[in-house]
Amino acid sequence: MPKRRIFIALPLKKEFSSALAEHLKSFLDLSIRFIPFQNWHLTLIFLGYLTDKEIREAEKIIEEASAKFPGFSLKSKNITLSPGIRPRMLWLNFQDNKIYNGLTTWLEERINFLKKENKEIKIHLTLARFDQREGGKIQEKFEKLGLDKVSKFGKELLIDKIQIMESRLKRDGAVYNLIREYKLKL
């Protein structure tokens with residue numbers, strides 16, 4: 001039985017994506033490969049490679065979560081090169097959020113086939129990827145262009161849906177397919 005690469009995502013509102021795309025024009029001189037804005041989403045949990053049976057199990061749990069958890073807002077903070085010392089991505093970071101953290105923990109506790117990872121939750125949106133070997137040069141350019149000064153992006157993002165998505169990795173980037181979408185509790 002073939003397995004599919006599956007994750008749980010939070011979609012972005014069009015107004016938020018448009019404002020962010022406009023803000024990112026300042027960052028074009030970095031010469032990095034930006035992810036097309038149509039592919040932007042917040043990955044809540046990467047589930048891994050799942051069978052159709054496991055996907056159906058996950059769908060039931062996500063549906064239960066959507067009836068339990070209310071919609072919420074995330075406050076964006078800044079755009080940074082990440083992670084840490086040897087960056088390979090450009091992230092939009094968000095402030096910590098109790099509902100987001102609660103939803104993540106609740107899902108992780110109930111999805112039995114999920115490998116438990118005890119890592120800190122960092123709410124972020126991946127905007128671009130680049131070769132880690134280029135990270136030092138890009139970091140230098142980031143600072144030289146003064147992008148740390150324009151990295152603030154303090155917009156609110158309303159989260160009112162949760163999705164289960166499939167990711168197909170291609171040579172020129174991932175292709176995402178929506179499997180199912182649920183509205184969060186009003």
# chains A, B, ... in the order shown; residues from 1 in each chain; ligands from 1
call {"tool": "select_by_dssp", "arguments": {"residues": "stretch 7-182 of chain A", "states": "strand (DSSP E)", "output": "NGL selection string"}}
result
:A and (7-11 or 33-34 or 41-50 or 72-82 or 89-94 or 124-129 or 156-159 or 161-170 or 173-182)
call {"tool": "closest_atom_pairs", "arguments": {"of": "stretch 17-52 of chain A", "to": "stretch 1-6 of chain A", "cutoff": "10 Å", "atoms": "only C-alpha atoms", "output": "tab-separated table"}}
result
residue	atom	partner	partner_atom	distance
A:Ile45	CA	A:Ile6	CA	9.1
A:Phe46	CA	A:Ile6	CA	6.5
A:Leu47	CA	A:Ile6	CA	5.5
A:Gly48	CA	A:Arg5	CA	5.4
A:Tyr49	CA	A:Arg5	CA	4.4
A:Leu50	CA	A:Lys3	CA	4.8
A:Thr51	CA	A:Lys3	CA	4.6
A:Asp52	CA	A:Lys3	CA	7.3
call {"tool": "write_last_selection", "arguments": {"atoms": "N, CA, C and O atoms", "output": "mmCIF file, in the first residue's frame"}}
result
data_model
loop_
_atom_site.group_PDB
_atom_site.id
_atom_site.type_symbol
_atom_site.label_atom_id
_atom_site.label_comp_id
_atom_site.auth_asym_id
_atom_site.auth_seq_id
_atom_site.Cartn_x
_atom_site.Cartn_y
_atom_site.Cartn_z
ATOM 1 N N ILE A 45 1.737 20.367 12.257
ATOM 2 C CA ILE A 45 2.445 19.123 12.573
ATOM 3 C C ILE A 45 2.738 18.385 11.271
ATOM 4 O O ILE A 45 1.841 18.197 10.446
ATOM 5 N N PHE A 46 3.972 17.956 11.100
ATOM 6 C CA PHE A 46 4.317 17.073 9.990
ATOM 7 C C PHE A 46 4.047 15.650 10.466
ATOM 8 O O PHE A 46 4.615 15.201 11.460
ATOM 9 N N LEU A 47 3.157 14.938 9.778
ATOM 10 C CA LEU A 47 2.774 13.592 10.201
ATOM 11 C C LEU A 47 3.667 12.509 9.620
ATOM 12 O O LEU A 47 3.750 11.410 10.149
ATOM 13 N N GLY A 48 4.302 12.795 8.483
ATOM 14 C CA GLY A 48 5.184 11.818 7.865
ATOM 15 C C GLY A 48 4.510 11.113 6.704
ATOM 16 O O GLY A 48 3.529 11.601 6.138
ATOM 17 N N TYR A 49 5.032 9.946 6.356
ATOM 18 C CA TYR A 49 4.500 9.161 5.247
ATOM 19 C C TYR A 49 3.451 8.202 5.790
ATOM 20 O O TYR A 49 3.764 7.316 6.587
ATOM 21 N N LEU A 50 2.196 8.399 5.361
ATOM 22 C CA LEU A 50 1.067 7.657 5.922
ATOM 23 C C LEU A 50 0.325 6.837 4.874
ATOM 24 O O LEU A 50 0.256 7.215 3.705
ATOM 25 N N THR A 51 -0.263 5.742 5.336
ATOM 26 C CA THR A 51 -1.163 4.950 4.498
ATOM 27 C C THR A 51 -2.521 5.657 4.478
ATOM 28 O O THR A 51 -2.789 6.546 5.307
ATOM 29 N N ASP A 52 -3.394 5.250 3.564
ATOM 30 C CA ASP A 52 -4.740 5.826 3.516
ATOM 31 C C ASP A 52 -5.491 5.584 4.828
ATOM 32 O O ASP A 52 -6.232 6.445 5.292
#
call {"tool": "select_by_dssp", "arguments": {"residues": "stretch 109-142 of chain A", "states": "alpha helix (DSSP H)", "output": "number ranges by chain"}}
result
A: 109-110, 135-142
call {"tool": "write_last_selection", "arguments": {"atoms": "C-alpha atoms", "output": "PDB file, in the first residue's frame"}}
result
ATOM      1  CA  GLU A 109      -1.156  13.337  22.138  1.00  0.00           C
ATOM      2  CA  ARG A 110      -3.945  11.692  20.110  1.00  0.00           C
ATOM      3  CA  GLY A 135      23.850  30.766   4.595  1.00  0.00           C
ATOM      4  CA  GLY A 136      26.876  32.784   5.702  1.00  0.00           C
ATOM      5  CA  LYS A 137      26.923  34.875   2.509  1.00  0.00           C
ATOM      6  CA  ILE A 138      23.183  35.439   2.681  1.00  0.00           C
ATOM      7  CA  GLN A 139      23.396  36.433   6.345  1.00  0.00           C
ATOM      8  CA  GLU A 140      26.145  38.919   5.503  1.00  0.00           C
ATOM      9  CA  LYS A 141      24.055  40.338   2.654  1.00  0.00           C
ATOM     10  CA  PHE A 142      20.968  40.450   4.922  1.00  0.00           C
TER      11      PHE A 142
END
call {"tool": "closest_residue", "arguments": {"among": "A:His41, A:Arg88, A:Lys77, A:Lys152", "to": "A:Pro11", "atoms": "only C-alpha atoms"}}
result
A:His41
call {"tool": "residues_around", "arguments": {"residues": "A:Pro83", "least_positions_apart": "6", "cutoff": "12 Å", "atoms": "only C-alpha atoms", "output": "PyMOL selection string"}}
result
chain A and resi 89-93+122+124+126+129-130+132+135+139
call {"tool": "closest_residue", "arguments": {"among": "A:Leu157, A:Ile164, A:Leu103, A:Leu12", "to": "A:Tyr176", "atoms": "only C-alpha atoms"}}
result
A:Ile164
call {"tool": "residues_around", "arguments": {"residues": "stretch 17-24 of chain A", "least_positions_apart": "6", "cutoff": "8 Å", "atoms": "only C-alpha atoms", "output": "ChimeraX atom specification"}}
result
/A:37,40,153
call {"tool": "closest_residue", "arguments": {"among": "A:Leu147, A:Leu81, A:Ile123, A:Ala128", "to": "A:Gly173", "atoms": "only C-alpha atoms"}}
result
A:Ala128
call {"tool": "closest_residue", "arguments": {"among": "A:Phe7, A:Trp106, A:Tyr100, A:Phe34", "to": "A:Gly71", "atoms": "only C-alpha atoms"}}
result
A:Tyr100
call {"tool": "residues_around", "arguments": {"residues": "A:Phe72", "least_positions_apart": "3", "cutoff": "12 Å", "atoms": "only C-alpha atoms", "output": "list of chain:residue names"}}
result
A:Leu10, A:Ser66, A:Phe69, A:Lys75, A:Asn97, A:Lys98, A:Ile99, A:Tyr100, A:Asn101, A:Gly102, A:Leu103, A:Glu156, A:Leu157, A:Leu158, A:Ile159, A:Asp160, A:Lys161, A:Ile162, A:Lys183, A:Leu184, A:Lys185, A:Leu186
call {"tool": "residues_around", "arguments": {"residues": "A:Ala174", "least_positions_apart": "5", "cutoff": "10 Å", "atoms": "only C-alpha atoms", "output": "list of chain:residue names"}}
result
A:Ile35, A:Asn39, A:Glu166, A:Ser167, A:Arg168, A:Leu169
call {"tool": "closest_residue", "arguments": {"among": "A:Lys170, A:Lys155, A:Arg133, A:Lys119", "to": "A:Phe16", "atoms": "only C-alpha atoms"}}
result
A:Lys155
call {"tool": "decode", "arguments": {"residues": "stretch 167-180 of chain A", "atoms": "all heavy atoms", "output": "mmCIF file, in the first residue's frame"}}
result
data_model
loop_
_atom_site.group_PDB
_atom_site.id
_atom_site.type_symbol
_atom_site.label_atom_id
_atom_site.label_comp_id
_atom_site.auth_asym_id
_atom_site.auth_seq_id
_atom_site.Cartn_x
_atom_site.Cartn_y
_atom_site.Cartn_z
ATOM 1 N N SER A 167 1.968 16.551 0.575
ATOM 2 C CA SER A 167 3.100 17.249 -0.033
ATOM 3 C C SER A 167 3.820 16.278 -0.953
ATOM 4 O O SER A 167 4.217 15.198 -0.522
ATOM 5 C CB SER A 167 4.038 17.730 1.070
ATOM 6 O OG SER A 167 5.235 18.209 0.534
ATOM 7 N N ARG A 168 3.955 16.680 -2.207
ATOM 8 C CA ARG A 168 4.736 15.886 -3.164
ATOM 9 C C ARG A 168 5.988 16.681 -3.495
ATOM 10 O O ARG A 168 5.892 17.797 -4.001
ATOM 11 C CB ARG A 168 3.920 15.604 -4.420
ATOM 12 C CG ARG A 168 2.776 14.672 -4.147
ATOM 13 C CD ARG A 168 2.105 14.249 -5.431
ATOM 14 N NE ARG A 168 1.015 13.355 -5.095
ATOM 15 C CZ ARG A 168 -0.099 13.277 -5.777
ATOM 16 N NH1 ARG A 168 -0.281 14.040 -6.840
ATOM 17 N NH2 ARG A 168 -1.046 12.438 -5.417
ATOM 18 N N LEU A 169 7.133 16.095 -3.194
ATOM 19 C CA LEU A 169 8.396 16.790 -3.422
ATOM 20 C C LEU A 169 8.815 16.643 -4.880
ATOM 21 O O LEU A 169 8.902 15.539 -5.405
ATOM 22 C CB LEU A 169 9.481 16.246 -2.490
ATOM 23 C CG LEU A 169 9.164 16.365 -0.993
ATOM 24 C CD1 LEU A 169 10.278 15.748 -0.174
ATOM 25 C CD2 LEU A 169 8.932 17.800 -0.601
ATOM 26 N N LYS A 170 9.073 17.788 -5.496
ATOM 27 C CA LYS A 170 9.511 17.838 -6.890
ATOM 28 C C LYS A 170 10.850 18.550 -6.938
ATOM 29 O O LYS A 170 11.241 19.233 -5.999
ATOM 30 C CB LYS A 170 8.491 18.616 -7.755
ATOM 31 C CG LYS A 170 7.073 18.085 -7.688
ATOM 32 C CD LYS A 170 6.928 16.883 -8.557
ATOM 33 C CE LYS A 170 5.463 16.435 -8.555
ATOM 34 N NZ LYS A 170 5.245 15.247 -9.289
ATOM 35 N N ARG A 171 11.531 18.431 -8.046
ATOM 36 C CA ARG A 171 12.847 19.056 -8.212
ATOM 37 C C ARG A 171 12.790 20.575 -7.995
ATOM 38 O O ARG A 171 13.683 21.168 -7.410
ATOM 39 C CB ARG A 171 13.381 18.741 -9.601
ATOM 40 C CG ARG A 171 14.765 19.260 -9.862
ATOM 41 C CD ARG A 171 15.250 18.796 -11.207
ATOM 42 N NE ARG A 171 15.674 17.407 -11.150
ATOM 43 C CZ ARG A 171 16.936 17.017 -11.016
ATOM 44 N NH1 ARG A 171 17.874 17.914 -10.932
ATOM 45 N NH2 ARG A 171 17.252 15.748 -10.959
ATOM 46 N N ASP A 172 11.721 21.213 -8.465
ATOM 47 C CA ASP A 172 11.615 22.675 -8.359
ATOM 48 C C ASP A 172 10.755 23.135 -7.183
ATOM 49 O O ASP A 172 10.305 24.268 -7.147
ATOM 50 C CB ASP A 172 11.106 23.268 -9.679
ATOM 51 C CG ASP A 172 9.778 22.678 -10.118
ATOM 52 O OD1 ASP A 172 9.385 21.620 -9.587
ATOM 53 O OD2 ASP A 172 9.124 23.271 -10.993
ATOM 54 N N GLY A 173 10.532 22.269 -6.209
ATOM 55 C CA GLY A 173 9.778 22.642 -5.016
ATOM 56 C C GLY A 173 8.616 21.693 -4.769
ATOM 57 O O GLY A 173 8.277 20.865 -5.605
ATOM 58 N N ALA A 174 8.003 21.828 -3.629
ATOM 59 C CA ALA A 174 6.893 20.949 -3.241
ATOM 60 C C ALA A 174 5.592 21.365 -3.928
ATOM 61 O O ALA A 174 5.366 22.545 -4.197
ATOM 62 C CB ALA A 174 6.718 20.988 -1.731
ATOM 63 N N VAL A 175 4.766 20.372 -4.170
ATOM 64 C CA VAL A 175 3.416 20.598 -4.679
ATOM 65 C C VAL A 175 2.472 20.122 -3.580
ATOM 66 O O VAL A 175 2.607 18.996 -3.079
ATOM 67 C CB VAL A 175 3.169 19.800 -5.984
ATOM 68 C CG1 VAL A 175 1.722 19.942 -6.437
ATOM 69 C CG2 VAL A 175 4.127 20.250 -7.066
ATOM 70 N N TYR A 176 1.536 20.990 -3.189
ATOM 71 C CA TYR A 176 0.629 20.679 -2.088
ATOM 72 C C TYR A 176 -0.765 20.391 -2.608
ATOM 73 O O TYR A 176 -1.263 21.077 -3.493
ATOM 74 C CB TYR A 176 0.564 21.847 -1.099
ATOM 75 C CG TYR A 176 1.910 22.205 -0.516
ATOM 76 C CD1 TYR A 176 2.495 23.438 -0.767
ATOM 77 C CD2 TYR A 176 2.613 21.296 0.265
ATOM 78 C CE1 TYR A 176 3.734 23.765 -0.239
ATOM 79 C CE2 TYR A 176 3.850 21.612 0.789
ATOM 80 C CZ TYR A 176 4.402 22.841 0.542
ATOM 81 O OH TYR A 176 5.621 23.164 1.060
ATOM 82 N N ASN A 177 -1.381 19.367 -2.014
ATOM 83 C CA ASN A 177 -2.764 19.021 -2.340
ATOM 84 C C ASN A 177 -3.573 18.995 -1.054
ATOM 85 O O ASN A 177 -3.188 18.318 -0.090
ATOM 86 C CB ASN A 177 -2.845 17.644 -3.004
ATOM 87 C CG ASN A 177 -2.126 17.607 -4.329
ATOM 88 O OD1 ASN A 177 -2.291 18.486 -5.154
ATOM 89 N ND2 ASN A 177 -1.288 16.592 -4.515
ATOM 90 N N LEU A 178 -4.680 19.707 -1.066
ATOM 91 C CA LEU A 178 -5.589 19.708 0.081
ATOM 92 C C LEU A 178 -6.342 18.382 0.105
ATOM 93 O O LEU A 178 -6.950 17.993 -0.890
ATOM 94 C CB LEU A 178 -6.579 20.874 -0.040
ATOM 95 C CG LEU A 178 -7.669 20.951 1.024
ATOM 96 C CD1 LEU A 178 -7.074 21.213 2.392
ATOM 97 C CD2 LEU A 178 -8.675 22.041 0.661
ATOM 98 N N ILE A 179 -6.291 17.702 1.234
ATOM 99 C CA ILE A 179 -7.047 16.464 1.396
ATOM 100 C C ILE A 179 -8.395 16.776 2.032
ATOM 101 O O ILE A 179 -9.435 16.358 1.549
ATOM 102 C CB ILE A 179 -6.265 15.436 2.245
ATOM 103 C CG1 ILE A 179 -4.997 15.017 1.493
ATOM 104 C CG2 ILE A 179 -7.138 14.228 2.573
ATOM 105 C CD1 ILE A 179 -4.085 14.109 2.274
ATOM 106 N N ARG A 180 -8.345 17.558 3.114
ATOM 107 C CA ARG A 180 -9.593 17.897 3.798
ATOM 108 C C ARG A 180 -9.376 19.158 4.636
ATOM 109 O O ARG A 180 -8.282 19.385 5.137
ATOM 110 C CB ARG A 180 -10.024 16.740 4.693
ATOM 111 C CG ARG A 180 -11.439 16.814 5.139
ATOM 112 C CD ARG A 180 -12.088 15.449 5.183
ATOM 113 N NE ARG A 180 -13.401 15.614 5.760
ATOM 114 C CZ ARG A 180 -13.918 14.814 6.659
ATOM 115 N NH1 ARG A 180 -13.266 13.752 7.059
ATOM 116 N NH2 ARG A 180 -15.109 15.047 7.154
#
